[in-house]
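Reproduced below: model01.cif, with mmCIF, C-alpha atoms.
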```cif
data_input
#
loop_
_atom_site.label_atom_id
_atom_site.label_comp_id
_atom_site.auth_asym_id
_atom_site.auth_seq_id
_atom_site.Cartn_x
_atom_site.Cartn_y
_atom_site.Cartn_z
CA MET Q 1083 0.00 0.00 0.00
CA HIS Q 1084 1.20 3.51 -0.82
CA THR Q 1085 1.56 6.13 1.90
CA ILE Q 1086 1.53 9.92 1.73
CA ASP Q 1087 1.14 12.95 3.97
CA LEU Q 1088 -1.71 15.30 3.02
CA ALA Q 1089 -1.73 18.63 4.84
CA TYR Q 1090 -4.59 21.05 5.23
CA VAL Q 1091 -3.58 24.68 5.87
CA GLY Q 1092 -6.89 26.03 7.13
CA ARG Q 1093 -9.82 24.70 9.10
CA GLY Q 1094 -13.41 24.14 8.09
CA LEU Q 1095 -15.34 22.83 5.11
CA HIS Q 1096 -13.34 24.87 2.61
CA GLU Q 1097 -10.18 22.90 3.31
CA GLU Q 1098 -11.28 19.65 4.89
CA LEU Q 1099 -14.61 18.48 3.48
CA VAL Q 1100 -13.49 16.52 0.42
CA ALA Q 1101 -10.59 14.82 2.22
CA TYR Q 1102 -12.88 14.05 5.14
CA ILE Q 1103 -15.44 12.38 2.87
CA ALA Q 1104 -12.72 10.42 1.08
CA ASP Q 1105 -11.46 9.18 4.44
CA GLN Q 1106 -14.85 8.39 5.96
CA GLN Q 1107 -16.09 6.62 2.82
CA ASP Q 1108 -12.88 4.51 2.71
CA TYR Q 1109 -11.94 5.79 -0.73
CA TYR Q 1110 -8.29 6.10 0.23
CA ALA Q 1111 -8.22 2.45 1.24
CA ASP Q 1112 -10.07 1.49 -1.95
CA GLU Q 1113 -7.39 3.26 -3.97
CA GLY Q 1114 -4.58 1.51 -2.11
CA VAL Q 1115 -3.15 4.53 -0.31
CA HIS Q 1116 -2.68 5.27 3.38
CA VAL Q 1117 -3.16 9.01 3.87
CA ALA Q 1118 -1.90 10.75 6.97
CA LEU Q 1119 -4.00 13.91 7.23
CA ARG Q 1120 -1.72 16.52 8.74
CA ASP Q 1121 -2.49 19.90 10.29
CA GLY Q 1122 -0.18 22.19 8.33
CA CYS Q 1123 -1.79 25.48 9.35
CA SER Q 1124 1.33 26.67 11.17
CA TRP Q 1125 3.91 24.97 8.94
CA ASP Q 1126 6.34 26.96 6.85
CA GLU Q 1127 6.62 26.29 3.14
CA GLU Q 1128 9.71 24.15 3.44
CA ARG Q 1129 7.97 21.66 5.70
CA LEU Q 1130 4.72 21.80 3.75
CA ARG Q 1131 6.33 20.88 0.42
CA HIS Q 1132 7.46 17.46 1.71
CA GLY Q 1133 3.92 16.13 1.19
CA ALA Q 1134 0.77 16.93 -0.75
CA THR Q 1135 -1.30 19.93 0.31
CA ILE Q 1136 -4.97 20.82 0.07
CA GLY Q 1137 -4.44 24.60 0.13
CA LEU Q 1138 -4.19 25.69 -3.48
CA GLY Q 1139 -4.48 29.38 -2.64
CA ARG Q 1140 -1.47 29.21 -0.35
CA ALA Q 1141 0.38 27.12 -2.94
CA LEU Q 1142 -0.26 29.75 -5.62
CA LEU Q 1143 0.95 32.56 -3.36
CA SER Q 1144 4.05 30.51 -2.56
CA ARG Q 1145 4.77 29.93 -6.23
CA LEU Q 1146 4.37 33.63 -7.06
CA THR Q 1147 6.39 34.98 -4.12
CA ASP Q 1148 8.86 32.21 -3.27
CA GLY Q 1149 9.28 30.45 -6.60
CA ILE Q 1150 8.31 27.03 -5.22
CA PRO Q 1151 6.98 25.24 -8.31
CA TRP Q 1152 3.72 23.92 -6.85
CA VAL Q 1153 1.24 22.37 -9.28
CA ALA Q 1154 -2.44 21.72 -8.60
CA LEU Q 1155 -3.74 18.32 -9.68
CA SER Q 1156 -7.34 18.51 -8.49
CA VAL Q 1157 -9.68 21.41 -7.69
CA ASN Q 1158 -12.66 21.27 -5.35
CA THR Q 1159 -14.30 24.63 -6.02
CA HIS Q 1160 -13.79 27.95 -7.77
CA ARG Q 1161 -15.60 29.94 -5.07
CA PRO Q 1162 -13.71 30.44 -1.80
CA LEU Q 1163 -15.79 29.74 1.29
CA PHE Q 1164 -15.14 33.00 3.16
CA TRP Q 1165 -17.70 35.60 4.17
CA PHE Q 1166 -17.82 39.14 5.51
CA LEU Q 1167 -19.96 38.95 8.66
CA ALA Q 1168 -21.05 42.32 10.05
CA GLY Q 1169 -23.10 43.91 12.77
CA PRO Q 1170 -26.64 45.29 12.39
CA GLY Q 1171 -27.20 47.78 9.59
CA LEU Q 1172 -24.03 46.98 7.65
CA THR Q 1173 -25.65 45.40 4.63
CA SER Q 1174 -23.03 46.05 1.93
CA LEU Q 1175 -19.27 46.17 1.60
CA ALA Q 1176 -19.51 49.93 1.06
CA ASP Q 1177 -20.94 50.18 4.58
CA LEU Q 1178 -17.60 48.94 5.95
CA ALA Q 1179 -15.89 52.24 5.09
CA GLY Q 1180 -14.37 53.63 8.27
CA ARG Q 1181 -15.36 50.53 10.24
CA ARG Q 1182 -13.31 48.03 12.25
CA LEU Q 1183 -12.74 44.77 10.34
CA ALA Q 1184 -11.04 41.61 11.61
CA VAL Q 1185 -9.35 39.99 8.63
CA HIS Q 1186 -6.50 37.65 7.71
CA ALA Q 1187 -3.02 39.00 7.05
CA PRO Q 1188 -2.48 40.70 3.68
CA ARG Q 1189 -0.11 38.05 2.30
CA THR Q 1190 -2.20 35.01 3.19
CA ALA Q 1191 -4.59 33.48 0.67
CA PRO Q 1192 -7.87 34.50 2.39
CA GLY Q 1193 -6.36 37.90 3.20
CA VAL Q 1194 -5.50 38.43 -0.47
CA PHE Q 1195 -8.96 37.28 -1.56
CA ALA Q 1196 -10.60 39.70 0.89
CA ARG Q 1197 -8.47 42.63 -0.26
CA ILE Q 1198 -9.30 41.93 -3.90
CA VAL Q 1199 -13.02 41.90 -3.11
CA LEU Q 1200 -12.82 45.11 -1.08
CA ARG Q 1201 -10.95 46.88 -3.87
CA GLN Q 1202 -13.57 45.73 -6.39
CA ASP Q 1203 -16.13 47.60 -4.26
CA GLY Q 1204 -14.04 50.77 -4.22
CA LEU Q 1205 -12.53 50.32 -0.75
CA ASP Q 1206 -8.81 50.61 -0.06
CA PRO Q 1207 -8.20 47.98 2.63
CA ASP Q 1208 -5.20 49.96 3.97
CA ARG Q 1209 -6.87 53.37 4.15
CA ASP Q 1210 -10.64 53.08 4.11
CA ILE Q 1211 -11.01 50.36 6.76
CA ARG Q 1212 -9.58 49.97 10.26
CA THR Q 1213 -8.27 46.43 10.11
CA THR Q 1214 -7.25 44.04 12.87
CA VAL Q 1215 -5.18 41.12 11.61
CA ARG Q 1216 -6.48 37.79 12.86
CA PRO Q 1217 -4.93 34.34 12.39
CA PRO Q 1218 -7.02 31.53 10.88
CA GLY Q 1219 -8.90 29.37 13.36
CA ASP Q 1220 -12.43 28.63 14.41
CA TYR Q 1221 -13.33 32.38 14.46
CA GLY Q 1222 -14.79 32.05 17.96
CA MET Q 1223 -12.93 35.12 19.20
CA ASP Q 1224 -13.99 37.12 16.15
CA LEU Q 1225 -17.63 36.31 16.94
CA ARG Q 1226 -17.10 37.32 20.56
CA TRP Q 1227 -15.54 40.64 19.52
CA LEU Q 1228 -18.37 41.27 17.09
CA HIS Q 1229 -20.92 40.52 19.80
CA ASP Q 1230 -19.12 42.79 22.29
CA GLY Q 1231 -18.81 45.64 19.82
CA LYS Q 1232 -15.00 45.58 19.67
CA ILE Q 1233 -15.18 45.19 15.89
CA ASP Q 1234 -17.86 45.99 13.33
CA ALA Q 1235 -17.22 43.11 10.93
CA ALA Q 1236 -15.05 40.05 10.40
CA LEU Q 1237 -13.90 37.89 7.53
CA VAL Q 1238 -14.88 34.37 8.60
CA GLY Q 1239 -14.39 30.94 7.10
CA SER Q 1240 -16.30 27.70 6.88
CA THR Q 1241 -16.10 26.54 10.49
CA MET Q 1242 -19.66 27.89 10.71
CA ALA Q 1243 -22.65 28.71 8.54
CA PRO Q 1244 -22.38 32.52 8.55
CA GLU Q 1245 -25.91 33.10 7.30
CA ALA Q 1246 -27.28 31.12 10.25
CA ILE Q 1247 -25.02 32.96 12.71
CA ALA Q 1248 -26.21 36.28 11.28
CA ALA Q 1249 -29.85 35.28 11.66
CA GLU Q 1250 -29.25 34.16 15.24
CA HIS Q 1251 -27.65 37.46 16.33
CA GLY Q 1252 -29.42 39.95 14.09
CA TRP Q 1253 -26.23 40.53 12.09
CA GLN Q 1254 -25.63 40.86 8.36
CA VAL Q 1255 -23.62 39.04 5.68
CA PRO Q 1256 -22.56 41.91 3.38
CA ALA Q 1257 -20.75 39.58 0.97
CA TRP Q 1258 -19.70 36.03 0.25
CA VAL Q 1259 -16.19 36.14 -1.22
CA GLY Q 1260 -17.15 33.42 -3.71
CA ASP Q 1261 -19.76 35.71 -5.23
CA HIS Q 1262 -17.18 38.41 -5.94
CA PHE Q 1263 -13.94 36.57 -6.65
CA GLN Q 1264 -13.47 33.17 -8.28
CA ILE Q 1265 -10.28 31.15 -8.18
CA PRO Q 1266 -9.70 27.38 -8.54
CA THR Q 1267 -9.06 26.62 -4.90
CA VAL Q 1268 -8.57 23.76 -2.44
CA GLY Q 1269 -7.83 20.31 -3.81
CA VAL Q 1270 -4.50 18.51 -4.19
CA ALA Q 1271 -1.15 20.13 -4.97
CA VAL Q 1272 2.45 18.95 -4.87
CA ASP Q 1273 5.91 20.40 -5.36
CA PRO Q 1274 7.29 18.31 -8.26
CA THR Q 1275 10.85 18.77 -6.99
CA ARG Q 1276 9.84 16.74 -3.93
CA ILE Q 1277 6.99 14.48 -5.13
CA HIS Q 1278 6.28 13.77 -8.78
CA PRO Q 1279 2.68 14.51 -9.85
CA ASP Q 1280 2.45 11.01 -11.37
CA ASP Q 1281 3.55 9.35 -8.15
CA PRO Q 1282 1.13 6.45 -7.51
CA ALA Q 1283 0.28 7.73 -4.03
CA VAL Q 1284 -0.57 11.19 -5.38
CA GLN Q 1285 -2.68 9.77 -8.18
CA ALA Q 1286 -4.52 7.56 -5.69
CA VAL Q 1287 -5.36 10.59 -3.53
CA VAL Q 1288 -6.62 12.50 -6.58
CA ARG Q 1289 -8.87 9.58 -7.59
CA ALA Q 1290 -10.23 9.29 -4.05
CA HIS Q 1291 -11.00 13.00 -3.93
CA ARG Q 1292 -12.81 12.89 -7.24
CA ARG Q 1293 -14.97 10.10 -5.89
CA ALA Q 1294 -15.69 12.27 -2.84
CA LEU Q 1295 -16.71 15.14 -5.12
CA GLN Q 1296 -19.22 12.80 -6.75
CA VAL Q 1297 -20.69 12.03 -3.33
CA ILE Q 1298 -21.26 15.75 -2.73
CA HIS Q 1299 -23.40 15.93 -5.85
CA ASP Q 1300 -25.01 12.50 -5.92
CA GLU Q 1301 -25.63 11.78 -2.24
CA PRO Q 1302 -27.00 14.88 -0.46
CA GLY Q 1303 -28.02 12.95 2.63
CA THR Q 1304 -24.57 11.46 3.07
CA THR Q 1305 -22.90 14.81 2.49
CA VAL Q 1306 -25.15 16.65 4.95
CA ARG Q 1307 -24.39 13.99 7.55
CA HIS Q 1308 -20.68 14.64 7.07
CA LEU Q 1309 -21.26 18.41 7.16
CA GLN Q 1310 -22.88 18.10 10.58
CA THR Q 1311 -19.52 16.90 11.93
CA PHE Q 1312 -18.10 20.33 11.12
CA LEU Q 1313 -21.20 22.43 11.84
CA GLY Q 1314 -22.14 21.04 15.23
CA ARG Q 1315 -23.60 24.29 16.52
CA HIS Q 1316 -26.20 24.38 13.74
CA THR Q 1317 -29.56 22.70 13.27
CA ALA Q 1318 -30.12 20.05 10.62
CA ALA Q 1319 -32.17 22.56 8.60
CA GLU Q 1320 -29.38 25.14 8.77
CA VAL Q 1321 -26.78 22.60 7.67
CA ARG Q 1322 -28.95 21.48 4.77
CA ALA Q 1323 -29.53 25.09 3.68
CA HIS Q 1324 -25.79 25.77 3.82
CA TYR Q 1325 -25.11 22.68 1.69
CA GLU Q 1326 -27.73 23.68 -0.88
CA THR Q 1327 -26.50 27.29 -1.11
CA PHE Q 1328 -22.72 27.07 -0.96
CA ILE Q 1329 -21.59 23.47 -1.44
CA ALA Q 1330 -23.70 21.53 -3.94
CA PRO Q 1331 -23.93 24.25 -6.62
CA HIS Q 1332 -20.28 25.25 -6.51
CA PHE Q 1333 -18.07 22.21 -5.88
CA THR Q 1334 -16.73 20.55 -9.00
CA THR Q 1335 -17.89 17.12 -10.08
CA ASP Q 1336 -14.55 16.01 -11.50
CA GLY Q 1337 -11.77 18.04 -9.90
CA GLN Q 1338 -11.09 19.98 -13.08
CA ALA Q 1339 -9.97 23.62 -13.10
CA ASP Q 1340 -11.52 26.28 -15.30
CA LEU Q 1341 -8.36 27.73 -16.82
CA ALA Q 1342 -10.06 30.98 -17.86
CA VAL Q 1343 -11.08 31.57 -14.25
CA GLY Q 1344 -7.61 30.54 -13.16
CA ALA Q 1345 -5.89 32.98 -15.51
CA THR Q 1346 -7.98 35.92 -14.30
CA ALA Q 1347 -7.42 34.92 -10.69
CA ILE Q 1348 -3.64 34.59 -11.05
CA THR Q 1349 -3.46 38.07 -12.58
CA ALA Q 1350 -5.52 39.52 -9.73
CA VAL Q 1351 -3.55 37.74 -7.00
CA ALA Q 1352 -0.20 38.77 -8.46
CA ALA Q 1353 -1.35 42.39 -8.73
CA GLU Q 1354 -2.53 42.39 -5.10
CA LEU Q 1355 0.81 40.91 -3.99
CA GLY Q 1356 2.73 43.38 -6.14
CA VAL Q 1357 4.68 40.63 -7.94
CA PRO Q 1358 4.85 39.50 -11.58
CA ALA Q 1359 2.43 36.82 -12.73
CA THR Q 1360 5.23 34.36 -13.46
CA VAL Q 1361 3.02 31.29 -13.96
CA THR Q 1362 0.14 30.65 -16.35
CA ALA Q 1363 -3.06 28.91 -15.40
CA ALA Q 1364 -2.16 25.92 -17.58
CA GLU Q 1365 1.22 25.62 -15.86
CA PHE Q 1366 -0.21 25.76 -12.34
CA TYR Q 1367 -3.55 23.95 -12.71
CA ARG Q 1368 -2.66 20.59 -14.28
CA THR Q 1369 -5.93 18.86 -13.48
CA ALA Q 1370 -6.62 17.71 -17.03
CA THR Q 1371 -3.55 15.46 -17.08
CA THR Q 1372 -4.67 13.28 -14.18
CA ALA Q 1373 -6.23 9.92 -15.02
CA PRO Q 1374 -9.91 9.71 -14.01
CA TRP Q 1375 -11.08 7.14 -11.51
CA GLU Q 1376 -12.75 4.02 -12.86
CA PRO Q 1377 -14.74 1.54 -10.76
CA GLY Q 1378 -12.44 -1.11 -9.35
CA ASP Q 1379 -9.33 0.89 -10.22
CA ALA Q 1380 -7.55 0.56 -6.87
CA GLY Q 1381 -3.96 1.59 -6.35
CA ALA Q 1382 -1.20 -0.98 -6.60
CA ALA Q 1383 0.21 -2.63 -3.52
CA GLU Q 1384 3.70 -1.22 -3.96
CA SER Q 1385 4.71 0.95 -0.99
CA HIS Q 1386 5.71 4.57 -1.36
CA ALA Q 1387 6.98 6.59 1.61
CA ALA Q 1388 6.59 10.35 1.31
CA PRO Q 1389 9.47 12.42 2.75
CA GLN Q 1390 8.53 13.84 6.14
CA ASP Q 1391 9.76 16.26 8.78
CA GLY Q 1392 9.35 14.20 11.93
CA PRO Q 1393 6.92 11.37 12.65
CA SER Q 1394 3.61 11.19 10.82
CA ARG Q 1395 0.56 11.83 12.98
CA GLU Q 1396 -2.64 10.69 11.35
CA GLN Q 1397 -5.32 13.12 12.47
CA ASP Q 1398 -8.29 11.69 14.30
CA ARG Q 1399 -11.24 13.19 12.44
CA GLN Q 1400 -13.86 10.86 13.92
#
```

Could you spell out this file's structure in structure tokens?
Amino acid sequence: MHTIDLAYVGRGLHEELVAYIADQQDYYADEGVHVALRDGCSWDEERLRHGATIGLGRALLSRLTDGIPWVALSVNTHRPLFWFLAGPGLTSLADLAGRRLAVHAPRTAPGVFARIVLRQDGLDPDRDIRTTVRPPGDYGMDLRWLHDGKIDAALVGSTMAPEAIAAEHGWQVPAWVGDHFQIPTVGVAVDPTRIHPDDPAVQAVVRAHRRALQVIHDEPGTTVRHLQTFLGRHTAAEVRAHYETFIAPHFTTDGQADLAVGATAITAVAAELGVPATVTAAEFYRTATTAPWEPGDAGAAESHAAPQDGPSREQDRQ
């Protein structure tokens, strides 16, 4: 059986859902690969590149700024699952002018996405908004600060259903990032100088993830059951509504990247970072070259050990 480390670099449905389904449905085992799901949120790029990564946004930023030649082999969605959550009366992004916003750092993937969206609405994130930089996490402190009036709005991720949180507290959701900025994001990426894209373990992970993407579209009940693991504070109706609004319509069925969307996104990300767009969409998103999964097409029994920094800790996602 093959083995590989697969690191997520953020928490919530955006990063973890497809890998979680692949694990819980035993698709990794079916494909003949043992996957150690690793928490790479605090890892530097050098450690991250020793295995496969889910975070395509971070991989793209790393390629543009550090020259690490990441390539994306499977894409889960083109619409990032981040939202602007705001207090009462703040119904649009324009209403955030002069307000206090908790947001990710400018040179992180969600921070870059947020800045692009704000600029599209005519707001300079460095001058028109009073920002507080917040690290990624479960956003519990951001919600507390919003409730206590210490901030007026926050960029939050998919550890919650923001529309349900807003309804509960009488808050607003001025914008979903995925409505304003599209980029092929989250999936499977590797650094070819460390792990070849055609490595059997990598290909097995890609096939397993594409099977998981099919579950999202073909088995709503199964998917909602898995979603409830992440959205434990929400009712079944709220989880189902979140699935129907943000997950089912916008996750890919086959892991393929839209290269036109990718090209536009790379240009926008490079401009926000202030660096040249040194990679094309076709060079970075190589999803079309990966063999599709066929029923009964399990991975071979030959072992492959991915290079690691320290002992592998398989995450307990039960």

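With distances restricted to all atoms listed in the file, Q:Ile1265 is the closest residue to Val1194 (chain Q) from Q:Ile1265, Q:Val1157, Q:Leu1167, Q:Leu1295.
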
Within 8 Å of Gly1344 (chain Q) using all atoms listed in the file, minus same-chain residues under 4 positions, as a PyMOL selection string
chain Q and resi 1265-1266+1339-1340+1348+1363+1367

As lines of an AutoDock Vina configuration file, what would the box around region 1163-1179 of chain Q look like: edges along x, y and z, 4 Å added on every side, centre and edge lengths in Å to one decimal?
```
center_x = -21.2
center_y = 41.0
center_z = 6.9
size_x = 20.1
size_y = 30.5
size_z = 19.7
```

Can you give me, as a VMD selection string, the residues this file yields under the PyMOL selection byres ((chain Q and resi 1232) around 12)?
chain Q and resid 1168 to 1169 1181 to 1184 1212 to 1214 1223 to 1231 1233 to 1236

Nearby residues (all atoms listed in the file) at most 9 Å from Asp1220 (chain Q), same-chain spacing under 2 positions excluded, as a PyMOL selection string:
chain Q and resi 1093-1094+1218+1222-1224+1238-1242

Which one of Q:Ala1318, Q:Ile1150, Q:Val1185, Q:Val1284 sits closest to Trp1165 (chain Q) if you count only C-alpha atoms?
Q:Val1185

If the PyMOL selection byres ((chain Q and resi 1119) around 12) is run on the structure shown, which residues does it catch, given as number ranges by chain?
Q: 1085-1091, 1097-1098, 1100-1102, 1104-1105, 1110, 1116-1118, 1120-1123, 1133-1136, 1287, 1394-1399

Of the candidates Q:Ala1243, Q:Val1153, Q:Ala1353, Q:Ala1141, which one gets nearest to Asp1280 (chain Q) if we count all atoms listed in the file?
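Of the candidates, the smallest distance to Asp1280 (chain Q) is held by Q:Val1153.
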
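Every protein, DNA or RNA residue with an atom at most 6 Å from Leu1138 (chain Q), where all atoms listed in the file count and chain neighbours fewer than 2 positions away do not, is listed here: Arg1140, Ala1141, Thr1267 and Val1268 of chain Q.
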
In Å to one decimal, how far is CA of Val1361 (chain Q) from CA of Gly1149 (chain Q)?
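We find that CA of Gly1149 (chain Q) and CA of Val1361 (chain Q) lie 9.7 Å from each other.
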
Taking all atoms listed in the file into account, which of Q:Glu1320, Q:Glu1128, Q:Glu1354, Q:Glu1326 comes nearest Ala1246 (chain Q)?
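Using all atoms listed in the file, the shortest distance to Ala1246 (chain Q) belongs to Q:Glu1320.
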
For Trp1258 (chain Q), which of Q:Ser1144, Q:Gln1106, Q:Gln1338, Q:Thr1327 is the closest residue, counting only C-alpha atoms?
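Smallest separation from Trp1258 (chain Q) among the options: Q:Thr1327.
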
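Among the candidates Q:Ala1187, Q:Leu1143, Q:Val1199, Q:Ala1342, the residue lying nearest to Pro1256 (chain Q) is Q:Val1199 (atoms considered: all atoms listed in the file).
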
Resolved residues for the PyMOL selection byres ((chain Q and resi 1178-1180) around 6) as a PDB file with C-alpha atoms, in the coordinates of the input:
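result-v1.pdb, freshly written:
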```pdb
ATOM      1  CA  LEU Q1175     -19.270  46.170   1.600  1.00  0.00           C
ATOM      2  CA  ALA Q1176     -19.510  49.930   1.060  1.00  0.00           C
ATOM      3  CA  ASP Q1177     -20.940  50.180   4.580  1.00  0.00           C
ATOM      4  CA  ARG Q1181     -15.360  50.530  10.240  1.00  0.00           C
ATOM      5  CA  ASP Q1210     -10.640  53.080   4.110  1.00  0.00           C
ATOM      6  CA  ILE Q1211     -11.010  50.360   6.760  1.00  0.00           C
TER       7      ILE Q1211
END
```

When you look at Ser1174 (chain Q) with a cut-off of 9 Å (counting all atoms listed in the file), what residues show up, excluding the ones that are within fewer than 6 positions of it in the same chain? I need them as a ChimeraX atom specification.
/Q:1254-1257

Now that the selection is made, can you save its residues with C-alpha atoms as a short mmCIF file (atom, residue, chain, number, x, y, z; two decimals), in the coordinates of the input?
```
data_model
loop_
_atom_site.label_atom_id
_atom_site.label_comp_id
_atom_site.auth_asym_id
_atom_site.auth_seq_id
_atom_site.Cartn_x
_atom_site.Cartn_y
_atom_site.Cartn_z
CA GLN Q 1254 -25.63 40.86 8.36
CA VAL Q 1255 -23.62 39.04 5.68
CA PRO Q 1256 -22.56 41.91 3.38
CA ALA Q 1257 -20.75 39.58 0.97
#
```

Near region 1328-1335 of chain Q, counting all atoms listed in the file, which residues have an atom at most 8 Å away, once you skip same-chain residues fewer than 5 positions from it, shown as a ChimeraX atom specification?
/Q:1157-1161,1163,1292,1295-1296,1298-1299

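CA of Gly1114 (chain Q) to CA of Ala1286 (chain Q) spans 7.0 Å [interatomic distance, one decimal].
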
So how far away is CA of Val1321 (chain Q) from CA of Gly1303 (chain Q), in Å?
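Going from CA of Gly1303 (chain Q) over to CA of Val1321 (chain Q) covers 11.0 Å.
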